[in-house]
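Asker: mmCIF, C-alpha atoms, saved as target_16.cif, coming up:
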data_entry
loop_
_atom_site.label_atom_id
_atom_site.label_comp_id
_atom_site.auth_asym_id
_atom_site.auth_seq_id
_atom_site.Cartn_x
_atom_site.Cartn_y
_atom_site.Cartn_z
CA MET L 122 0.00 0.00 0.00
CA ALA L 123 1.31 3.45 -0.90
CA ARG L 124 2.15 5.75 2.00
CA THR L 125 0.20 8.98 2.40
CA PHE L 126 2.00 12.32 2.37
CA THR L 127 0.87 15.91 2.72
CA SER L 128 1.31 18.25 -0.23
CA SER L 129 2.88 21.70 0.12
CA PRO L 130 0.34 24.37 1.10
CA VAL L 131 2.40 26.94 -0.80
CA ARG L 132 2.27 24.84 -3.99
CA ASP L 133 -1.46 24.37 -3.51
CA LEU L 134 -1.87 28.13 -3.05
CA LEU L 135 0.16 28.90 -6.17
CA ALA L 136 -2.32 26.85 -8.20
CA LEU L 137 -5.10 29.10 -6.86
CA THR L 138 -3.26 32.34 -7.57
CA ASN L 139 -2.67 31.83 -11.30
CA ARG L 140 -5.54 34.19 -12.11
CA PRO L 141 -3.98 37.40 -13.44
CA GLU L 142 -6.15 39.58 -11.21
CA VAL L 143 -4.69 38.02 -8.02
CA ILE L 144 -1.86 39.90 -6.30
CA SER L 145 0.06 37.10 -4.63
CA PHE L 146 2.29 37.53 -1.61
CA ALA L 147 2.33 33.73 -1.22
CA GLY L 148 5.16 32.18 -3.21
CA GLY L 149 8.80 32.84 -2.36
CA LEU L 150 9.57 33.50 -6.02
CA PRO L 151 12.19 35.73 -7.64
CA ALA L 152 10.88 38.49 -9.90
CA PRO L 153 10.77 37.08 -13.46
CA GLU L 154 11.27 40.50 -15.07
CA LEU L 155 14.69 40.62 -13.39
CA PHE L 156 15.95 37.36 -14.95
CA ASP L 157 18.96 37.94 -17.24
CA VAL L 158 17.30 36.22 -20.21
CA ASP L 159 19.69 37.59 -22.84
CA GLY L 160 22.79 36.62 -20.86
CA LEU L 161 21.49 33.12 -20.17
CA ARG L 162 20.40 32.65 -23.81
CA ALA L 163 23.90 33.55 -24.99
CA ALA L 164 25.43 31.18 -22.43
CA PHE L 165 23.26 28.28 -23.59
CA ASP L 166 24.12 28.99 -27.23
CA GLN L 167 27.81 28.84 -26.40
CA ALA L 168 27.51 25.79 -24.13
CA LEU L 169 25.46 23.61 -26.51
CA SER L 170 27.68 20.89 -27.94
CA ARG L 171 27.84 17.13 -28.30
CA ARG L 172 29.80 17.01 -25.04
CA THR L 173 27.08 18.76 -23.05
CA LEU L 174 24.42 16.46 -24.52
CA GLN L 175 26.29 13.40 -23.23
CA TYR L 176 26.36 11.76 -19.79
CA ALA L 177 28.57 13.62 -17.33
CA PRO L 178 30.32 13.09 -13.97
CA THR L 179 28.03 12.80 -10.96
CA GLU L 180 30.09 15.35 -9.01
CA GLY L 181 29.26 18.04 -11.56
CA ASP L 182 30.92 20.19 -14.20
CA VAL L 183 34.45 20.92 -13.00
CA ASP L 184 34.45 24.47 -14.38
CA LEU L 185 31.16 25.26 -12.66
CA ARG L 186 32.36 23.81 -9.36
CA ALA L 187 35.56 25.88 -9.56
CA LEU L 188 33.59 29.07 -10.23
CA VAL L 189 31.13 28.37 -7.41
CA ALA L 190 34.00 27.51 -5.06
CA ALA L 191 35.74 30.79 -5.84
CA ARG L 192 32.51 32.69 -5.21
CA MET L 193 31.97 30.94 -1.87
CA THR L 194 35.56 31.65 -0.86
CA ARG L 195 35.07 35.36 -1.57
CA ARG L 196 31.97 35.26 0.64
CA GLY L 197 33.99 33.99 3.62
CA LEU L 198 33.78 30.21 3.24
CA PRO L 199 37.09 28.81 1.87
CA THR L 200 36.07 26.18 -0.68
CA THR L 201 37.62 24.20 -3.55
CA ALA L 202 35.92 22.43 -6.44
CA ALA L 203 36.65 19.11 -4.71
CA ASP L 204 34.48 20.19 -1.75
CA LEU L 205 31.34 20.54 -3.90
CA LEU L 206 28.63 18.35 -5.39
CA VAL L 207 26.36 19.97 -7.99
CA THR L 208 22.72 19.08 -7.41
CA THR L 209 19.37 19.55 -9.13
CA GLY L 210 18.47 22.53 -6.98
CA SER L 211 19.35 22.79 -3.31
CA GLN L 212 16.18 20.84 -2.50
CA GLN L 213 17.86 17.75 -3.98
CA ALA L 214 20.94 18.49 -1.89
CA LEU L 215 18.81 18.28 1.24
CA ALA L 216 17.17 15.07 0.01
CA LEU L 217 20.60 13.48 -0.57
CA VAL L 218 21.75 14.43 2.93
CA VAL L 219 18.59 12.97 4.42
CA THR L 220 19.02 9.72 2.48
CA ALA L 221 22.67 9.43 3.52
CA LEU L 222 22.30 10.29 7.21
CA LEU L 223 18.79 9.40 8.37
CA GLU L 224 16.75 6.26 8.86
CA PRO L 225 13.08 5.90 9.83
CA GLY L 226 12.82 7.04 13.44
CA SER L 227 15.91 9.25 13.28
CA VAL L 228 15.61 12.57 15.09
CA VAL L 229 16.01 15.90 13.30
CA ALA L 230 16.16 19.19 15.19
CA VAL L 231 14.81 22.30 13.46
CA GLU L 232 14.23 25.95 14.22
CA GLU L 233 10.54 26.69 14.53
CA PRO L 234 8.97 27.89 12.35
CA THR L 235 11.04 26.55 9.46
CA TYR L 236 11.05 25.90 5.71
CA LEU L 237 8.05 23.68 5.00
CA ALA L 238 9.63 21.70 2.12
CA ALA L 239 12.36 20.62 4.55
CA LEU L 240 9.66 19.35 6.91
CA GLN L 241 8.17 17.39 3.98
CA CYS L 242 11.59 15.90 3.25
CA PHE L 243 12.01 14.74 6.85
CA GLN L 244 8.46 13.35 6.87
CA LEU L 245 9.20 11.37 3.71
CA ALA L 246 12.24 9.84 5.42
CA GLY L 247 10.18 8.79 8.44
CA ALA L 248 12.21 11.00 10.76
CA ARG L 249 10.92 12.46 14.02
CA VAL L 250 11.22 16.26 14.00
CA VAL L 251 11.81 18.17 17.24
CA PRO L 252 11.70 21.98 17.47
CA VAL L 253 14.33 24.23 19.00
CA ALA L 254 13.16 27.44 20.63
CA GLY L 255 14.33 30.81 19.38
CA ASP L 256 13.44 34.49 19.38
CA GLU L 257 13.60 37.48 17.08
CA HIS L 258 17.32 36.80 16.63
CA GLY L 259 16.85 33.19 15.52
CA MET L 260 17.69 29.88 17.17
CA ASP L 261 18.75 29.97 20.83
CA PRO L 262 22.03 28.01 21.26
CA ALA L 263 21.19 27.20 24.90
CA ALA L 264 17.85 25.74 23.82
CA LEU L 265 19.65 23.73 21.14
CA ALA L 266 22.06 22.31 23.71
CA GLU L 267 19.10 21.18 25.85
CA VAL L 268 17.38 19.54 22.88
CA VAL L 269 20.57 17.75 21.85
CA GLU L 270 21.08 16.42 25.38
CA ARG L 271 17.46 15.26 25.66
CA GLU L 272 16.63 14.05 22.13
CA ARG L 273 20.04 13.05 20.67
CA PRO L 274 19.24 14.21 17.10
CA GLU L 275 21.30 12.97 14.18
CA LEU L 276 20.81 16.21 12.25
CA LEU L 277 20.10 19.91 12.81
CA TYR L 278 18.49 21.88 9.99
CA LEU L 279 18.25 25.67 9.80
CA VAL L 280 18.16 28.61 7.40
CA PRO L 281 20.37 31.03 9.33
CA THR L 282 20.38 33.96 6.88
CA PHE L 283 17.07 35.70 6.00
CA ALA L 284 15.20 32.61 7.11
CA ASN L 285 12.19 31.18 5.38
CA PRO L 286 9.59 32.02 6.65
CA THR L 287 10.59 34.64 9.22
CA GLY L 288 13.27 36.68 7.41
CA ARG L 289 15.43 36.57 10.55
CA THR L 290 19.23 36.29 10.53
CA LEU L 291 21.32 34.47 13.12
CA ASP L 292 24.18 36.65 14.36
CA ALA L 293 27.82 35.58 14.35
CA GLY L 294 27.91 34.89 18.08
CA ARG L 295 24.99 32.48 17.92
CA ARG L 296 26.47 30.81 14.84
CA ALA L 297 29.70 30.15 16.72
CA ALA L 298 27.77 28.80 19.72
CA ILE L 299 25.64 26.48 17.55
CA ALA L 300 28.75 25.21 15.78
CA ALA L 301 30.33 24.51 19.17
CA VAL L 302 27.30 22.42 20.19
CA ALA L 303 27.60 20.46 16.94
CA ASP L 304 31.32 19.83 17.47
CA ARG L 305 30.81 18.81 21.09
CA HIS L 306 28.10 16.26 20.27
CA GLY L 307 29.20 15.09 16.82
CA LEU L 308 26.02 16.53 15.32
CA TRP L 309 25.65 17.11 11.59
CA VAL L 310 24.20 20.53 10.72
CA VAL L 311 22.57 21.57 7.43
CA GLU L 312 22.99 25.28 6.65
CA ASP L 313 20.45 26.00 3.93
CA ASP L 314 21.51 29.28 2.31
CA PRO L 315 19.40 30.20 -0.74
CA TYR L 316 18.93 33.85 0.26
CA GLY L 317 22.30 34.87 1.74
CA GLU L 318 23.37 37.11 -1.16
CA LEU L 319 20.11 39.06 -1.15
CA ARG L 320 21.20 41.52 1.55
CA PHE L 321 19.68 45.01 1.54
CA ARG L 322 20.92 46.38 4.85
CA GLY L 323 23.91 45.87 7.13
CA GLY L 324 27.09 43.86 6.66
CA PRO L 325 27.47 40.17 5.84
CA VAL L 326 27.54 37.52 8.57
CA PRO L 327 30.07 34.66 8.28
CA PRO L 328 28.54 31.43 6.94
CA LEU L 329 27.71 28.95 9.67
CA ALA L 330 29.90 26.41 7.87
CA SER L 331 32.94 28.65 8.44
CA PHE L 332 32.72 27.79 12.16
CA SER L 333 32.72 23.97 11.93
CA ASP L 334 33.43 21.04 9.60
CA ARG L 335 30.22 19.47 10.94
CA VAL L 336 28.17 21.98 8.91
CA LEU L 337 26.98 21.01 5.43
CA HIS L 338 26.36 24.12 3.32
CA LEU L 339 23.60 24.17 0.69
CA GLY L 340 23.51 26.85 -2.02
CA SER L 341 21.45 27.61 -5.10
CA PHE L 342 21.19 29.68 -8.28
CA SER L 343 17.42 29.84 -7.91
CA LYS L 344 17.25 33.19 -6.13
CA ILE L 345 20.23 34.96 -7.76
CA GLY L 346 19.95 33.41 -11.23
CA ALA L 347 16.79 31.59 -12.22
CA PRO L 348 14.94 28.74 -10.49
CA GLY L 349 14.15 27.06 -13.81
CA LEU L 350 17.83 26.11 -14.12
CA ARG L 351 17.42 23.79 -11.11
CA LEU L 352 21.06 24.21 -10.15
CA GLY L 353 22.27 23.96 -6.58
CA TRP L 354 25.30 22.68 -4.74
CA LEU L 355 26.34 20.98 -1.54
CA ARG L 356 29.59 21.60 0.32
CA ALA L 357 30.66 18.74 2.60
CA PRO L 358 33.76 17.09 4.09
CA GLU L 359 35.50 14.60 1.80
CA ALA L 360 34.41 11.39 3.55
CA LEU L 361 30.73 12.34 3.58
CA LEU L 362 30.88 13.84 0.10
CA ARG L 363 31.93 10.45 -1.32
CA THR L 364 28.81 8.90 0.19
CA LEU L 365 26.61 11.71 -1.14
CA VAL L 366 28.00 11.20 -4.65
CA ILE L 367 26.96 7.55 -4.49
CA VAL L 368 23.49 8.53 -3.25
CA LYS L 369 23.14 10.99 -6.14
CA GLN L 370 24.20 8.33 -8.63
CA ALA L 371 21.22 6.29 -7.46
CA ALA L 372 18.93 9.33 -7.71
CA ASP L 373 19.64 10.77 -11.17
CA LEU L 374 23.24 9.92 -12.25
CA HIS L 375 24.01 13.64 -12.65
CA THR L 376 22.40 17.06 -12.90
CA SER L 377 21.77 18.36 -16.45
CA ALA L 378 25.17 18.67 -18.15
CA LEU L 379 23.87 21.35 -20.50
CA ASP L 380 22.48 23.51 -17.71
CA GLN L 381 25.73 23.18 -15.76
CA ALA L 382 27.88 24.08 -18.77
CA ALA L 383 25.68 27.09 -19.56
CA ALA L 384 25.91 28.24 -15.95
CA ALA L 385 29.70 27.95 -16.09
CA VAL L 386 29.81 30.02 -19.30
CA TYR L 387 27.45 32.56 -17.76
CA LEU L 388 29.48 32.92 -14.56
CA GLY L 389 32.67 33.27 -16.57
CA ALA L 390 31.28 36.00 -18.82
CA THR L 391 28.94 37.91 -16.48
CA ASP L 392 29.48 40.19 -13.52
CA LEU L 393 27.08 38.28 -11.26
CA ASP L 394 27.86 40.60 -8.37
CA GLU L 395 26.49 43.50 -10.42
CA HIS L 396 23.37 41.48 -11.27
CA VAL L 397 22.85 40.66 -7.58
CA ARG L 398 23.25 44.34 -6.68
CA GLY L 399 20.42 45.09 -9.11
CA LEU L 400 18.26 42.41 -7.51
CA CYS L 401 18.95 43.79 -4.05
CA ALA L 402 18.08 47.34 -5.10
CA ALA L 403 14.75 46.22 -6.54
CA TYR L 404 13.90 43.95 -3.63
CA ARG L 405 14.87 46.60 -1.08
CA GLU L 406 12.35 48.98 -2.62
CA ARG L 407 9.67 46.28 -2.55
CA ARG L 408 10.40 45.32 1.05
CA ASP L 409 10.22 48.98 2.06
CA ALA L 410 6.85 49.35 0.30
CA MET L 411 5.43 46.35 2.13
CA VAL L 412 6.75 47.28 5.56
CA ALA L 413 5.54 50.88 5.14
CA ALA L 414 2.03 49.61 4.34
CA LEU L 415 1.76 47.25 7.30
CA PRO L 416 0.52 49.76 9.93
CA SER L 417 -2.51 50.60 7.78
CA THR L 418 -3.03 46.98 6.69
CA THR L 419 -3.04 45.16 10.02
CA PRO L 420 -4.97 45.52 13.29
CA GLU L 421 -3.40 47.27 16.24
CA GLY L 422 -1.12 44.95 18.15
CA THR L 423 0.20 43.11 15.08
CA ARG L 424 3.92 42.35 15.14
CA TRP L 425 6.13 41.80 12.07
CA THR L 426 9.74 41.29 11.07
CA ASP L 427 11.68 43.94 9.12
CA PRO L 428 14.25 41.74 7.34
CA ASP L 429 17.73 42.88 6.32
CA GLY L 430 17.38 40.85 3.12
CA GLY L 431 15.79 37.81 1.56
CA MET L 432 12.17 37.56 0.46
CA PHE L 433 9.84 37.40 3.45
CA VAL L 434 8.03 39.37 6.14
CA TRP L 435 6.55 37.34 9.02
CA LEU L 436 3.45 38.62 10.81
CA THR L 437 1.84 37.74 14.13
CA LEU L 438 -1.76 38.94 14.42
CA PRO L 439 -3.21 39.84 17.83
CA GLY L 440 -5.89 37.84 19.60
CA ASP L 441 -7.46 34.47 18.87
CA VAL L 442 -7.23 34.37 15.09
CA ASP L 443 -6.54 31.59 12.58
CA THR L 444 -4.86 32.87 9.43
CA GLY L 445 -5.77 29.57 7.75
CA GLU L 446 -9.39 30.71 7.87
CA LEU L 447 -8.51 34.18 6.58
CA VAL L 448 -6.69 33.05 3.43
CA GLY L 449 -9.94 32.03 1.71
CA LYS L 450 -11.40 35.48 2.37
CA ALA L 451 -8.21 37.02 1.01
CA LEU L 452 -8.48 35.02 -2.21
CA GLU L 453 -12.05 36.29 -2.61
CA ARG L 454 -10.52 39.77 -2.64
CA ASP L 455 -7.84 38.71 -5.15
CA VAL L 456 -4.89 38.76 -2.78
CA ALA L 457 -2.93 35.82 -1.32
CA PHE L 458 -0.58 34.99 1.54
CA VAL L 459 0.63 31.82 3.28
CA PRO L 460 -0.86 30.91 6.69
CA GLY L 461 1.84 30.31 9.26
CA ALA L 462 0.73 26.88 10.50
CA ALA L 463 2.40 25.12 7.55
CA PHE L 464 5.86 26.07 8.82
CA TYR L 465 5.56 24.29 12.19
CA ALA L 466 6.78 20.80 12.94
CA THR L 467 4.68 20.56 16.10
CA THR L 468 1.82 22.64 17.50
CA PRO L 469 1.45 25.68 15.23
CA ASP L 470 0.79 29.27 16.15
CA ARG L 471 -2.19 29.92 13.88
CA SER L 472 -2.04 33.68 14.33
CA MET L 473 1.01 33.89 12.09
CA MET L 474 1.35 34.42 8.33
CA ARG L 475 4.06 34.88 5.70
CA LEU L 476 4.17 37.62 3.07
CA SER L 477 6.65 37.62 0.18
CA PHE L 478 7.50 41.00 -1.37
CA THR L 479 9.73 40.05 -4.30
CA THR L 480 7.37 39.35 -7.19
CA ASN L 481 5.30 42.55 -7.12
CA THR L 482 6.20 46.15 -7.87
CA PRO L 483 5.79 48.78 -5.15
CA ASP L 484 2.54 49.95 -6.75
CA GLU L 485 1.23 46.37 -6.89
CA ILE L 486 2.27 45.85 -3.28
CA ALA L 487 0.37 48.97 -2.24
CA GLU L 488 -2.79 47.74 -3.98
CA GLY L 489 -2.39 44.22 -2.61
CA MET L 490 -1.98 45.54 0.92
CA ARG L 491 -5.13 47.64 0.52
CA ARG L 492 -7.01 44.48 -0.43
CA LEU L 493 -5.45 42.57 2.47
CA ALA L 494 -6.49 45.30 4.90
CA THR L 495 -10.16 44.53 4.17
CA VAL L 496 -9.53 41.00 5.45
CA LEU L 497 -7.25 41.66 8.41
CA ARG L 498 -8.69 44.85 9.93
#
Take the structure in the file and give it back as structure tokens.

Answerer:
Amino acid sequence: MARTFTSSPVRDLLALTNRPEVISFAGGLPAPELFDVDGLRAAFDQALSRRTLQYAPTEGDVDLRALVAARMTRRGLPTTAADLLVTTGSQQALALVVTALLEPGSVVAVEEPTYLAALQCFQLAGARVVPVAGDEHGMDPAALAEVVERERPELLYLVPTFANPTGRTLDAGRRAAIAAVADRHGLWVVEDDPYGELRFRGGPVPPLASFSDRVLHLGSFSKIGAPGLRLGWLRAPEALLRTLVIVKQAADLHTSALDQAAAAVYLGATDLDEHVRGLCAAYRERRDAMVAALPSTTPEGTRWTDPDGGMFVWLTLPGDVDTGELVGKALERDVAFVPGAAFYATTPDRSMMRLSFTTNTPDEIAEGMRRLATVLR
């Protein structure tokens, strides 16, 4: 008999928001008008050859890995091509780690709330998920230490920079403390970092993986390039990386050789830093428009995050309210958001909700927030 699994509420919502009249704050999607279509088209034209239409090494295109490694090194995480495995999006990287390290009944510790597709991945593996308490600054290292002592997890998963769904960023001191807990207990940590380059305010924070060899770092082109490429990567110690390569061989042999080659050409010919600066400028303006509209959109007593980067604002409504009941009313008014309950591994706080600001212009955000105000106020 086939096992039963729960679909993603965000994916279900996206199917309902395809109507052009809907202003959607639901999906964590990059703005399509900001894709570098001409640059990517030229890269694919140059990359297309008999070689790139053939089978390729599981580890990934060596030129792409070298370029990614150099970029990661510049961002404060010394990396070589040999440290990396190219994956079909960073979601596959997480799935490979789960397959390699977990068995049914294994314990996974997560920040709460957390990325819902990660929760689905752990569910699929039959793992038991335990939450770690945090605050407006992210996961509490002391709470993590208590959970590790009590539950003995095999894995810790977190999005430490501009977290999905909260937008929060873990500071350097907490990163060092969490890495110390991992080293002390021999705990593997997954640092999921799809948003780290989308910083609008303040200075960069060192990657969590720079504090410990127990941290596996996941990256992606989806938010700084284009999600349709389905290109991600996984940085891991040599011994574990060998196992992950074997697991990937069983999954799909290798990620698209053509897409990898085109990405390598693109990175070699394009000032990606300049492209990312353009993304950050546009997204900063959109975040500012959303945050500025919140006081007139929400009831008195509502709390929200004001993220330094990324894609999300996280709201907590006052009183006894269930945002899962409000989303249907919002869709009737042609606006969408994601109820917060989906991001909880255990008992959810139903007064919470996630808004994404990246896919709408400031004018569209203003109109969408006016529509949302008729539901929330």

Asker: With only C-alpha atoms counted and 9 Å as the cut-off, give the residues of stretch 156-183 of chain L in contact with stretch 204-210 of chain L, each with its shortest interatomic distance in Å and the pair that gives it, as a Markdown table.

Answerer:
| residue | atom | partner | partner_atom | distance |
| --- | --- | --- | --- | --- |
| L:Thr179 | CA | L:Leu206 | CA | 7.9 |
| L:Glu180 | CA | L:Leu206 | CA | 4.9 |
| L:Gly181 | CA | L:Val207 | CA | 5.0 |
| L:Asp182 | CA | L:Val207 | CA | 7.7 |

Asker: Grab the atom CA of L:Leu245 to atom CA of L:Ala463 distance for me, in Å with one decimal place.

Answerer: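 Separation between atom CA of L:Leu245 and atom CA of L:Ala463: 15.8 Å.
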
Asker: So, counting all atoms listed in the file, which residue among L:Leu223, L:Leu319, L:Ala384, L:Ala414 is closest to L:Asp484?

Answerer: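 Of L:Leu223, L:Leu319, L:Ala384, L:Ala414, the one nearest L:Asp484, counting all atoms listed in the file, is L:Ala414.
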
Asker: Could you tell me, as number ranges by chain, exactly which residues end up selected when the PyMOL selection byres ((chain L and resi 438-443) around 8) is applied to this structure?

Answerer: L: 419-424, 436-437, 444-447, 471-473

Asker: Quick one: of L:Tyr176, L:Ala284, L:Leu277, L:Pro315, who's nearest to L:Val218, counting only C-alpha atoms?

Answerer: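 Among L:Tyr176, L:Ala284, L:Leu277, L:Pro315, it is L:Leu277 that comes nearest to L:Val218.
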
Asker: When the PyMOL selection byres ((chain L and resi 398-413) around 7) is applied to the structure above, which residues does it catch, written out as a PDB file with C-alpha atoms, in the coordinates of the input?

Answerer:
ATOM      1  CA  LEU L 319      20.110  39.060  -1.150  1.00  0.00           C
ATOM      2  CA  ARG L 320      21.200  41.520   1.550  1.00  0.00           C
ATOM      3  CA  PHE L 321      19.680  45.010   1.540  1.00  0.00           C
ATOM      4  CA  ASP L 394      27.860  40.600  -8.370  1.00  0.00           C
ATOM      5  CA  GLU L 395      26.490  43.500 -10.420  1.00  0.00           C
ATOM      6  CA  HIS L 396      23.370  41.480 -11.270  1.00  0.00           C
ATOM      7  CA  VAL L 397      22.850  40.660  -7.580  1.00  0.00           C
ATOM      8  CA  ALA L 414       2.030  49.610   4.340  1.00  0.00           C
ATOM      9  CA  LEU L 415       1.760  47.250   7.300  1.00  0.00           C
ATOM     10  CA  ASP L 427      11.680  43.940   9.120  1.00  0.00           C
ATOM     11  CA  PHE L 478       7.500  41.000  -1.370  1.00  0.00           C
ATOM     12  CA  THR L 479       9.730  40.050  -4.300  1.00  0.00           C
ATOM     13  CA  THR L 482       6.200  46.150  -7.870  1.00  0.00           C
ATOM     14  CA  PRO L 483       5.790  48.780  -5.150  1.00  0.00           C
ATOM     15  CA  ILE L 486       2.270  45.850  -3.280  1.00  0.00           C
ATOM     16  CA  ALA L 487       0.370  48.970  -2.240  1.00  0.00           C
TER      17      ALA L 487
END

Asker: Using only C-alpha atoms, which residues of stretch 296-385 of chain L come within 7 Å of stretch 256-272 of chain L, and what is the closest atom pair for each, with the distance in Å to one decimal? Give it as a tab-separated table, sorted by chain and residue number.

Answerer:
residue	atom	partner	partner_atom	distance
L:Ala298	CA	L:Pro262	CA	6.0
L:Ile299	CA	L:Pro262	CA	5.4
L:Val302	CA	L:Ala266	CA	6.3

Asker: On this structure, which residues satisfy the PyMOL selection byres ((chain L and resi 348) around 12), written as a VMD selection string?

Answerer: chain L and resid 149 to 153 156 209 to 212 315 341 to 347 349 to 353 380

Asker: Report the distance between atom CA of L:Met432 and atom CA of L:Leu215 in Å, rounded to one decimal place.

Answerer: 20.4 Å
